[in-house]
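> Provided herewith: input-v8.cif, mmCIF, C-alpha atoms.
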data_target
#
loop_
_atom_site.label_atom_id
_atom_site.label_comp_id
_atom_site.auth_asym_id
_atom_site.auth_seq_id
_atom_site.Cartn_x
_atom_site.Cartn_y
_atom_site.Cartn_z
CA MET A 1 -23.21 -130.32 186.89
CA PRO A 2 -24.86 -131.82 190.01
CA TRP A 3 -27.41 -129.63 191.75
CA SER A 4 -25.34 -129.57 194.95
CA SER A 5 -22.32 -128.18 193.10
CA ARG A 6 -24.47 -125.59 191.31
CA ALA A 7 -26.04 -124.55 194.62
CA ALA A 8 -22.57 -124.16 196.15
CA LEU A 9 -21.49 -121.96 193.24
CA LEU A 10 -24.64 -119.85 193.62
CA ARG A 11 -23.92 -119.49 197.35
CA ASP A 12 -20.39 -118.32 196.57
CA LEU A 13 -21.75 -115.76 194.11
CA VAL A 14 -24.18 -114.41 196.69
CA LEU A 15 -21.40 -114.23 199.30
CA CYS A 16 -19.21 -112.39 196.80
CA VAL A 17 -21.91 -109.78 196.23
CA LEU A 18 -22.59 -109.47 199.96
CA GLY A 19 -18.89 -109.15 200.75
CA THR A 20 -18.47 -106.34 198.22
CA ALA A 21 -21.62 -104.63 199.53
CA ALA A 22 -20.32 -104.94 203.11
CA PHE A 23 -17.03 -103.34 202.05
CA LEU A 24 -18.86 -100.40 200.47
CA LEU A 25 -21.20 -100.13 203.47
CA ASP A 26 -18.26 -100.02 205.88
CA LEU A 27 -16.58 -97.38 203.72
CA GLY A 28 -19.76 -95.31 203.74
CA ALA A 29 -20.11 -95.64 207.53
CA ASP A 30 -16.51 -94.45 208.01
CA LEU A 31 -17.01 -91.42 205.78
CA TRP A 32 -20.32 -90.69 207.51
CA ALA A 33 -18.63 -90.75 210.91
CA ALA A 34 -15.78 -88.51 209.70
CA VAL A 35 -18.25 -85.96 208.32
CA GLN A 36 -20.25 -85.97 211.57
CA TYR A 37 -17.11 -85.42 213.64
CA ALA A 38 -16.08 -82.54 211.39
CA LEU A 39 -19.54 -80.94 211.61
CA ASP A 40 -19.37 -81.16 215.41
CA GLY A 41 -16.00 -79.44 215.41
CA ARG A 42 -14.04 -82.57 216.38
CA TYR A 43 -11.48 -82.21 213.65
CA LEU A 44 -8.87 -84.42 215.31
CA TRP A 45 -11.29 -87.36 215.47
CA ALA A 46 -12.30 -86.81 211.85
CA ALA A 47 -8.64 -86.68 210.81
CA LEU A 48 -7.86 -89.92 212.65
CA VAL A 49 -10.76 -91.73 210.95
CA LEU A 50 -9.68 -90.52 207.52
CA ALA A 51 -6.01 -91.34 208.23
CA LEU A 52 -6.83 -94.93 209.17
CA LEU A 53 -9.03 -95.24 206.11
CA GLY A 54 -6.36 -93.84 203.81
CA LEU A 55 -3.46 -95.92 205.16
CA ALA A 56 -5.47 -99.14 204.98
CA SER A 57 -6.57 -98.39 201.43
CA VAL A 58 -3.00 -97.72 200.28
CA ALA A 59 -1.76 -100.97 201.84
CA LEU A 60 -4.67 -102.90 200.28
CA GLN A 61 -3.92 -101.57 196.79
CA LEU A 62 -0.20 -102.23 197.23
CA PHE A 63 -0.79 -105.88 198.14
CA SER A 64 -3.18 -106.30 195.22
CA TRP A 65 -0.75 -104.74 192.74
CA LEU A 66 2.25 -106.75 193.95
CA TRP A 67 0.30 -109.99 193.61
CA LEU A 68 -0.99 -109.13 190.13
CA ARG A 69 2.49 -108.20 188.97
CA ALA A 70 3.94 -111.47 190.30
CA ASP A 71 1.27 -113.73 188.79
CA PRO A 72 2.37 -115.81 185.75
CA ALA A 73 1.82 -114.25 182.35
CA GLY A 74 -1.46 -115.32 180.78
CA LEU A 75 -3.01 -116.53 184.05
CA HIS A 76 -5.82 -113.97 184.06
CA GLY A 77 -6.67 -114.22 180.37
CA SER A 78 -8.11 -111.05 178.90
CA GLN A 79 -7.70 -108.10 181.24
CA PRO A 80 -6.84 -104.40 180.89
CA PRO A 81 -3.26 -103.42 180.03
CA ARG A 82 -0.83 -103.19 182.93
CA ARG A 83 -0.87 -99.39 182.80
CA CYS A 84 -4.64 -99.38 183.23
CA LEU A 85 -4.37 -101.79 186.15
CA ALA A 86 -1.71 -99.60 187.73
CA LEU A 87 -3.98 -96.57 187.31
CA LEU A 88 -6.89 -98.44 188.92
CA HIS A 89 -4.75 -99.26 191.93
CA LEU A 90 -3.43 -95.70 192.09
CA LEU A 91 -7.04 -94.49 192.19
CA GLN A 92 -7.71 -96.98 195.04
CA LEU A 93 -10.01 -99.08 192.85
CA GLY A 94 -7.87 -102.20 192.56
CA TYR A 95 -9.79 -104.15 195.19
CA LEU A 96 -13.15 -103.36 193.59
CA TYR A 97 -11.73 -104.42 190.22
CA ARG A 98 -10.82 -107.77 191.77
CA CYS A 99 -14.34 -108.13 193.17
CA VAL A 100 -15.83 -107.54 189.73
CA GLN A 101 -13.35 -110.02 188.26
CA GLU A 102 -14.37 -112.67 190.80
CA LEU A 103 -18.07 -112.07 190.18
CA ARG A 104 -17.59 -112.37 186.41
CA GLN A 105 -15.64 -115.62 186.75
CA GLY A 106 -18.22 -117.01 189.19
CA LEU A 107 -21.06 -116.25 186.79
CA LEU A 108 -19.12 -117.87 183.95
CA VAL A 109 -18.63 -121.08 185.93
CA TRP A 110 -22.22 -121.14 187.21
CA GLN A 111 -23.66 -120.81 183.70
CA GLN A 112 -21.64 -123.73 182.32
CA GLU A 113 -23.12 -127.21 182.37
CA GLU A 114 -19.73 -128.84 182.83
CA PRO A 115 -17.14 -126.21 183.88
CA SER A 116 -13.52 -127.14 183.31
CA GLU A 117 -11.11 -127.75 186.15
CA PHE A 118 -9.26 -124.63 185.08
CA ASP A 119 -12.34 -122.43 185.46
CA LEU A 120 -13.23 -123.93 188.85
CA ALA A 121 -9.67 -123.58 190.15
CA TYR A 122 -9.37 -120.04 188.80
CA ALA A 123 -12.60 -119.04 190.55
CA ASP A 124 -11.23 -120.41 193.84
CA PHE A 125 -7.94 -118.62 193.15
CA LEU A 126 -9.69 -115.25 192.80
CA SER A 127 -11.89 -115.91 195.84
CA LEU A 128 -8.94 -116.57 198.12
CA ASP A 129 -7.07 -113.51 196.85
CA ILE A 130 -10.04 -111.32 197.70
CA SER A 131 -10.62 -113.02 201.05
CA MET A 132 -7.07 -112.31 202.15
CA LEU A 133 -7.21 -108.72 200.93
CA ARG A 134 -10.44 -108.27 202.86
CA LEU A 135 -8.81 -109.73 205.96
CA PHE A 136 -5.88 -107.30 205.68
CA GLU A 137 -8.19 -104.34 205.18
CA THR A 138 -10.28 -105.40 208.16
CA PHE A 139 -7.40 -105.40 210.62
CA LEU A 140 -5.60 -102.40 209.12
CA GLU A 141 -8.67 -100.17 209.16
CA THR A 142 -11.80 -101.65 210.74
CA ALA A 143 -10.27 -102.97 213.98
CA PRO A 144 -8.27 -99.79 214.80
CA GLN A 145 -11.22 -97.62 213.88
CA LEU A 146 -13.54 -99.70 216.06
CA THR A 147 -11.14 -99.15 218.97
CA LEU A 148 -11.09 -95.43 218.21
CA VAL A 149 -14.88 -95.15 218.18
CA LEU A 150 -15.19 -96.97 221.51
CA ALA A 151 -12.52 -94.70 223.03
CA ILE A 152 -14.36 -91.62 221.75
CA MET A 153 -17.62 -92.86 223.28
CA LEU A 154 -15.91 -93.47 226.62
CA GLN A 155 -14.21 -90.08 226.59
CA SER A 156 -17.32 -88.12 225.64
CA GLY A 157 -19.70 -90.05 227.87
CA ARG A 158 -22.31 -90.36 225.13
CA ALA A 159 -22.94 -92.47 222.06
CA GLU A 160 -24.40 -91.29 218.76
CA TYR A 161 -26.52 -93.48 216.52
CA TYR A 162 -23.93 -93.50 213.74
CA GLN A 163 -21.33 -94.72 216.26
CA TRP A 164 -23.47 -97.68 217.32
CA PHE A 165 -24.06 -98.47 213.65
CA GLY A 166 -20.32 -98.44 212.99
CA ILE A 167 -19.58 -100.62 216.03
CA CYS A 168 -22.06 -103.31 215.02
CA THR A 169 -20.93 -103.43 211.39
CA SER A 170 -17.26 -103.48 212.43
CA PHE A 171 -17.57 -106.41 214.85
CA LEU A 172 -19.56 -108.43 212.35
CA GLY A 173 -17.22 -107.49 209.51
CA ILE A 174 -14.06 -108.54 211.35
CA SER A 175 -15.49 -111.89 212.41
CA TRP A 176 -16.85 -112.53 208.94
CA ALA A 177 -13.48 -111.69 207.33
CA LEU A 178 -11.75 -114.30 209.50
CA LEU A 179 -14.35 -116.94 208.64
CA ASP A 180 -14.41 -116.07 204.94
CA TYR A 181 -10.64 -116.31 204.65
CA HIS A 182 -10.56 -119.63 206.51
CA ARG A 183 -13.27 -121.15 204.31
CA ALA A 184 -11.67 -119.84 201.09
CA LEU A 185 -8.28 -121.24 202.09
CA ARG A 186 -9.70 -124.73 202.68
CA THR A 187 -11.56 -124.58 199.36
CA CYS A 188 -8.28 -123.95 197.52
CA LEU A 189 -6.32 -126.71 199.26
CA PRO A 190 -7.64 -130.20 198.36
CA SER A 191 -5.74 -131.80 201.25
CA LYS A 192 -7.71 -129.68 203.75
CA PRO A 193 -11.32 -130.73 204.50
CA LEU A 194 -13.98 -128.09 204.03
CA LEU A 195 -15.61 -126.28 206.92
CA GLY A 196 -19.21 -127.35 207.54
CA LEU A 197 -22.13 -125.09 208.40
CA GLY A 198 -22.12 -125.86 212.13
CA SER A 199 -18.35 -125.46 212.36
CA SER A 200 -18.58 -122.16 210.47
CA VAL A 201 -21.15 -120.78 212.90
CA ILE A 202 -19.09 -121.70 215.96
CA TYR A 203 -15.91 -120.40 214.31
CA PHE A 204 -17.63 -117.07 213.62
CA LEU A 205 -19.02 -116.81 217.16
CA TRP A 206 -15.81 -117.55 219.05
CA ASN A 207 -13.88 -115.05 216.95
CA LEU A 208 -16.56 -112.44 217.59
CA LEU A 209 -16.72 -113.10 221.34
CA LEU A 210 -12.95 -113.12 221.85
CA LEU A 211 -12.45 -110.01 219.76
CA TRP A 212 -14.81 -107.86 221.85
CA PRO A 213 -12.86 -108.07 225.17
CA ARG A 214 -9.56 -107.33 223.41
CA VAL A 215 -10.90 -104.27 221.62
CA LEU A 216 -12.67 -103.10 224.77
CA ALA A 217 -9.48 -103.35 226.86
CA VAL A 218 -7.49 -101.30 224.36
CA ALA A 219 -10.33 -98.76 224.00
CA LEU A 220 -10.56 -98.27 227.79
CA PHE A 221 -6.84 -97.60 227.97
CA ALA A 222 -7.04 -95.26 224.96
CA ALA A 223 -9.87 -93.28 226.58
CA LEU A 224 -7.83 -92.78 229.76
CA PHE A 225 -4.40 -92.23 228.21
CA PRO A 226 -4.82 -91.17 224.57
CA SER A 227 -1.22 -89.97 224.48
CA TYR A 228 0.19 -93.35 225.57
CA VAL A 229 -1.94 -95.79 223.59
CA ALA A 230 0.25 -95.24 220.53
CA LEU A 231 3.33 -96.17 222.58
CA HIS A 232 1.52 -99.27 223.86
CA PHE A 233 0.63 -100.32 220.33
CA LEU A 234 4.14 -99.63 219.02
CA GLY A 235 5.76 -101.64 221.82
CA LEU A 236 3.56 -104.70 221.33
CA TRP A 237 3.70 -104.41 217.56
CA LEU A 238 7.51 -104.50 217.58
CA VAL A 239 7.48 -107.63 219.74
CA LEU A 240 4.95 -109.31 217.44
CA LEU A 241 6.89 -108.23 214.35
CA LEU A 242 10.02 -109.83 215.78
CA TRP A 243 8.04 -113.00 216.47
CA VAL A 244 6.76 -113.11 212.89
CA TRP A 245 10.26 -112.57 211.51
CA LEU A 246 11.69 -115.35 213.68
CA GLN A 247 9.15 -117.75 212.14
CA GLY A 248 10.77 -117.18 208.73
CA THR A 249 7.76 -116.19 206.64
CA ASP A 250 8.16 -116.52 202.86
CA PHE A 251 4.90 -115.35 201.37
CA MET A 252 5.60 -112.37 199.10
CA PRO A 253 7.48 -112.46 195.77
CA ASP A 254 10.58 -110.61 197.02
CA PRO A 255 12.30 -109.85 200.37
CA SER A 256 11.34 -106.16 200.42
CA SER A 257 7.63 -106.81 199.98
CA GLU A 258 7.89 -109.63 202.52
CA TRP A 259 8.38 -107.00 205.20
CA LEU A 260 5.09 -105.39 204.19
CA TYR A 261 3.43 -108.74 204.82
CA ARG A 262 5.17 -109.13 208.19
CA VAL A 263 4.19 -105.62 209.26
CA THR A 264 0.56 -106.35 208.38
CA VAL A 265 0.51 -109.72 210.14
CA ALA A 266 1.97 -108.14 213.29
CA ILE A 267 -0.98 -105.71 213.31
CA ILE A 268 -3.41 -108.62 212.97
CA LEU A 269 -1.72 -110.39 215.88
CA TYR A 270 -2.23 -107.29 218.04
CA PHE A 271 -5.97 -108.03 217.91
CA SER A 272 -6.37 -111.71 217.01
CA TRP A 273 -4.60 -114.97 216.19
CA PHE A 274 -3.21 -115.58 212.71
CA ASN A 275 -0.89 -118.45 211.84
CA VAL A 276 1.99 -117.80 209.45
CA ALA A 277 4.24 -120.85 209.82
CA GLU A 278 4.15 -124.50 208.87
CA GLY A 279 3.54 -127.19 211.48
CA HIS A 280 1.32 -127.66 214.50
CA THR A 281 -0.05 -124.38 215.76
CA LEU A 282 -1.09 -125.30 219.30
CA GLY A 283 2.10 -124.08 220.96
CA ARG A 284 2.29 -120.81 219.05
CA ALA A 285 -1.43 -120.15 219.48
CA THR A 286 -1.18 -120.75 223.24
CA ILE A 287 1.78 -118.37 223.59
CA HIS A 288 -0.02 -115.68 221.60
CA PHE A 289 -3.26 -116.17 223.55
CA ALA A 290 -1.45 -115.89 226.90
CA PHE A 291 0.46 -112.82 225.72
CA LEU A 292 -2.69 -110.94 224.67
CA LEU A 293 -4.57 -112.08 227.78
CA ILE A 294 -1.89 -110.75 230.14
CA ASP A 295 -1.70 -107.48 228.24
CA SER A 296 -5.50 -107.06 228.27
CA ILE A 297 -5.65 -107.77 232.01
CA LEU A 298 -3.01 -105.09 232.66
CA LEU A 299 -4.98 -102.60 230.55
CA VAL A 300 -8.20 -103.37 232.42
CA VAL A 301 -6.47 -103.06 235.80
CA THR A 302 -5.19 -99.65 234.73
CA TRP A 303 -8.72 -98.64 233.81
CA MET A 304 -10.14 -99.88 237.12
CA THR A 305 -7.69 -97.74 239.09
CA HIS A 306 -8.43 -94.62 237.02
CA SER A 307 -12.06 -95.13 235.93
CA SER A 308 -13.19 -92.08 237.90
CA TRP A 309 -11.46 -89.93 235.28
CA LEU A 310 -14.05 -90.83 232.65
CA PRO A 311 -17.54 -89.30 232.31
CA SER A 312 -20.45 -91.17 233.85
CA GLY A 313 -22.78 -90.90 230.87
CA ILE A 314 -22.07 -94.52 229.87
CA PRO A 315 -22.52 -97.25 232.56
CA LEU A 316 -18.87 -98.27 232.71
CA GLN A 317 -19.55 -100.74 235.52
CA LEU A 318 -21.44 -102.94 233.05
CA TRP A 319 -18.69 -103.03 230.46
CA LEU A 320 -16.25 -105.12 232.47
CA PRO A 321 -18.63 -108.00 233.37
CA VAL A 322 -19.98 -108.03 229.81
CA GLY A 323 -16.44 -108.22 228.48
CA CYS A 324 -15.54 -111.02 230.91
CA GLY A 325 -18.68 -112.94 229.98
CA CYS A 326 -17.90 -112.63 226.26
CA PHE A 327 -14.34 -113.79 226.88
CA LEU A 328 -15.35 -116.88 228.84
CA LEU A 329 -18.07 -117.83 226.35
CA GLY A 330 -15.74 -117.25 223.40
CA LEU A 331 -13.01 -119.34 225.02
CA ALA A 332 -15.49 -122.15 225.68
CA LEU A 333 -16.69 -122.08 222.06
CA ARG A 334 -13.11 -122.08 220.82
CA LEU A 335 -12.33 -125.17 222.89
CA VAL A 336 -15.51 -126.86 221.64
CA TYR A 337 -14.58 -126.02 218.05
CA TYR A 338 -11.07 -127.46 218.23
CA ARG A 339 -12.13 -130.48 220.27
CA TRP A 340 -15.22 -131.62 218.37
CA LEU A 341 -16.01 -129.40 215.35
CA HIS A 342 -12.68 -128.72 213.67
CA PRO A 343 -12.47 -130.59 210.32
CA SER A 344 -9.37 -132.43 211.55
CA CYS A 345 -11.63 -134.21 214.06
CA PHE A 346 -13.17 -136.06 211.11
CA TRP A 347 -10.30 -135.99 208.64
CA LYS A 348 -6.53 -136.14 208.76
CA PRO A 349 -5.38 -133.46 211.24
CA ASP A 350 -4.18 -130.24 209.65
CA PRO A 351 -2.94 -126.91 211.06
CA ASP A 352 -5.56 -124.19 211.31
CA GLN A 353 -5.40 -120.90 209.46
CA ASN A 354 -2.15 -121.77 207.73
CA PHE A 355 -0.72 -119.77 204.85
CA PHE A 356 2.79 -120.95 204.05
CA PRO A 357 4.83 -121.77 200.95
CA LYS A 358 4.47 -125.55 201.18
CA ALA A 359 0.82 -125.11 200.24
CA LYS A 360 1.95 -123.99 196.77
CA ASP A 361 2.40 -127.61 195.79
CA GLU A 362 -1.05 -128.60 197.02
CA ALA A 363 -3.16 -125.75 195.76
CA ALA A 364 -5.77 -125.95 193.09
CA SER A 365 -3.80 -123.52 190.94
CA PRO A 366 -5.03 -123.08 187.38
CA VAL A 367 -1.40 -123.24 186.18
CA LYS A 368 1.64 -125.14 187.25
CA GLY A 369 4.14 -123.15 189.28
CA GLU A 370 4.28 -120.53 191.95
CA VAL A 371 1.32 -118.17 192.05
CA ASN A 372 1.48 -115.28 194.49
CA GLY A 373 -1.53 -113.63 196.06
CA VAL A 374 -3.22 -116.92 196.75
CA LEU A 375 -0.17 -119.07 197.39
#
So, in terms of structure tokens, how does the structure I just supplied come out?


Amino acid sequence: MPWSSRAALLRDLVLCVLGTAAFLLDLGADLWAAVQYALDGRYLWAALVLALLGLASVALQLFSWLWLRADPAGLHGSQPPRRCLALLHLLQLGYLYRCVQELRQGLLVWQQEEPSEFDLAYADFLSLDISMLRLFETFLETAPQLTLVLAIMLQSGRAEYYQWFGICTSFLGISWALLDYHRALRTCLPSKPLLGLGSSVIYFLWNLLLLWPRVLAVALFAALFPSYVALHFLGLWLVLLLWVWLQGTDFMPDPSSEWLYRVTVAIILYFSWFNVAEGHTLGRATIHFAFLLIDSILLVVTWMTHSSWLPSGIPLQLWLPVGCGCFLLGLALRLVYYRWLHPSCFWKPDPDQNFFPKAKDEAASPVKGEVNGVL
């Protein structure tokens, strides 16, 4: 095997270990925050943190189990009996089992002098499964919890060290999940050119910088009107769910589980862009961007007219210009990425962040046929 290919495999192994460690670190930070809230007598905050953590974990295990059950017989080779796999998912350990499975397959491929196409494709298959599960977990748990922590800080007028730790890890984790999924998707689809190092850095930065103003706007509104933020989320989520349904997604193995996918994607769209349909994405991305921008502006205007209601312990006057600066810089980097750094600028143009059934025919699947979870 050429040294460049072996180095790429080693990089993927390291990223797999780091991704699993980041997942465990984020889980530990959430539990740490919940315990601190409970010790301080803030039982409602602790309950909200644990509720978000529990709901996201259940959804993550459900996706993982549905994909495993729909995969062709014999695809995964030797693995525990189905009852044992079901028990692992019931105990909320299905995702970690997949991480171990990916690490084992990656080591197997890396140790071989000439790995077979099956082993290479199967390693990519597992990597993309885990990347998408991580992306779902990030927006089902990390993004809402990040908004909650910021709202708590604004309401209380002070920030604890464990809150700052959670904020930093959450922002980095969300941006990394988007980049990791995008890179894994392009690795599995031969017709899509790979993302280079410079493009990956810019992609990571513009997602990070555009995410911060959105989360801040929702957190400001939640700090002022904690009773109404749920209604705001529900209203926008229903609109986004309708939009996803109108695009005719066909990702899951059956119609009932397809709604689970649509519900999850609508939550992602509440915070960030995620393409779910075939074809050019510019029009849909522009509509979504304008929709979130108008909503965020309305939330910020509401905060500006009622900001005196919040404590003065945190310099709120600095938050708005920082958020505006991040938004403008993130927008500029996004335009630079799609104009000069997107792989389609050097290869045949392709939609960005696509995940649709047509890709089933192009994927580097280890077996012939439809394989759910990855494609």

> Neighbourhood query: residues within 9 Å of (-8.4, -99.4, 211.0), file coordinates, counting all atoms listed in the file; return as a PDB file with C-alpha atoms, in the coordinates of the input.


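Done, and the output landed in part11.pdb:
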ATOM      1  CA  VAL A  49     -10.760 -91.730 210.950  1.00  0.00           C
ATOM      2  CA  ALA A  51      -6.010 -91.340 208.230  1.00  0.00           C
ATOM      3  CA  LEU A  52      -6.830 -94.930 209.170  1.00  0.00           C
ATOM      4  CA  LEU A  53      -9.030 -95.240 206.110  1.00  0.00           C
ATOM      5  CA  LEU A  55      -3.460 -95.920 205.160  1.00  0.00           C
ATOM      6  CA  ALA A  56      -5.470 -99.140 204.980  1.00  0.00           C
ATOM      7  CA  GLU A 137      -8.190-104.340 205.180  1.00  0.00           C
ATOM      8  CA  THR A 138     -10.280-105.400 208.160  1.00  0.00           C
ATOM      9  CA  PHE A 139      -7.400-105.400 210.620  1.00  0.00           C
ATOM     10  CA  LEU A 140      -5.600-102.400 209.120  1.00  0.00           C
ATOM     11  CA  GLU A 141      -8.670-100.170 209.160  1.00  0.00           C
ATOM     12  CA  THR A 142     -11.800-101.650 210.740  1.00  0.00           C
ATOM     13  CA  ALA A 143     -10.270-102.970 213.980  1.00  0.00           C
ATOM     14  CA  PRO A 144      -8.270 -99.790 214.800  1.00  0.00           C
ATOM     15  CA  GLN A 145     -11.220 -97.620 213.880  1.00  0.00           C
ATOM     16  CA  LEU A 146     -13.540 -99.700 216.060  1.00  0.00           C
ATOM     17  CA  THR A 147     -11.140 -99.150 218.970  1.00  0.00           C
ATOM     18  CA  LEU A 148     -11.090 -95.430 218.210  1.00  0.00           C
TER      19      LEU A 148
END

> Using all atoms listed in the file, which residues sit within 12 Å of Pro226 in chain A once same-chain residues fewer than 3 positions away are excluded, as a PyMOL selection string?

chain A and resi 45+147-148+151-152+154-155+218-223+229-233

> Considering all atoms listed in the file, return as a count of residues only whatever protein or nucleic-acid residues lie within 12 Å of Phe274 in chain A, sequence-local ones (same chain, fewer than 3 positions apart) excluded.

34

> Counting all atoms listed in the file, note down every residue that has an atom within 10 Å of the point (-14.0, -119.5, 225.5) (file coordinates), as a PyMOL selection string.

chain A and resi 206-207+209-210+325-337

> Which value, in Å to one decimal, gives the distance between CA of Cys188 in chain A and CA of Asp12 in chain A?

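Separation between CA of Cys188 in chain A and CA of Asp12 in chain A: 13.4 Å.
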
> Rounded to one decimal place, report the CA of Arg98 in chain A-CA of Thr169 in chain A distance in Å.

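It comes out at 22.5 Å.
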
> Got a sec: who's within 10 Å of Leu172 in chain A, counting all atoms listed in the file, leaving out chain neighbours fewer than 3 positions off, as a PyMOL selection string?

chain A and resi 22+167-169+175-177+204-205+207-208

> Return the single residue from A:Leu197, A:Ile294, A:Leu31, A:Cys84 that is closest to Gln163 in chain A, with distances computed using only C-alpha atoms.

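Ranked by minimum distance to Gln163 in chain A, first place goes to A:Leu31.
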
> Could you work out how far CA of Leu236 in chain A lies from CA of Phe291 in chain A, giving the answer in Å with one decimal?

9.7 Å

> Please evaluate the PyMOL selection byres ((chain A and resi 105) around 9) against the structure above and give the resulting residues as a compact mmCIF listing (two decimals) with C-alpha atoms, keeping the file's coordinate frame.


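Full text of result-v6.txt as output:
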# COMPACT_ATOMS: atom_id res chain seq x y z
CA VAL A 100 -15.83 -107.54 189.73
CA GLN A 101 -13.35 -110.02 188.26
CA GLU A 102 -14.37 -112.67 190.80
CA LEU A 103 -18.07 -112.07 190.18
CA ARG A 104 -17.59 -112.37 186.41
CA GLY A 106 -18.22 -117.01 189.19
CA LEU A 107 -21.06 -116.25 186.79
CA LEU A 108 -19.12 -117.87 183.95
CA VAL A 109 -18.63 -121.08 185.93
CA TRP A 110 -22.22 -121.14 187.21
CA ASP A 119 -12.34 -122.43 185.46
CA LEU A 120 -13.23 -123.93 188.85
CA TYR A 122 -9.37 -120.04 188.80
CA ALA A 123 -12.60 -119.04 190.55
CA LEU A 126 -9.69 -115.25 192.80

> Using all atoms listed in the file for the distances, tell me which of A:Val201, A:Leu292, A:Leu224, A:Tyr43 is nearest to Trp237 in chain A.

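Comparing A:Val201, A:Leu292, A:Leu224, A:Tyr43 against Trp237 in chain A, the winner is A:Leu292.
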
> Could you tell me, as an MDAnalysis selection string, exactly which residues end up selected when the PyMOL selection byres ((chain A and resi 33) around 8) is applied to this structure?

chainID A and resid 29:32 34:37 46 49 162:163

> Rank nothing, just name the residue among A:Gly19, A:Gly28, A:Pro253, A:Gly248 nearest to Tyr95 in chain A, using only C-alpha atoms.

A:Gly19
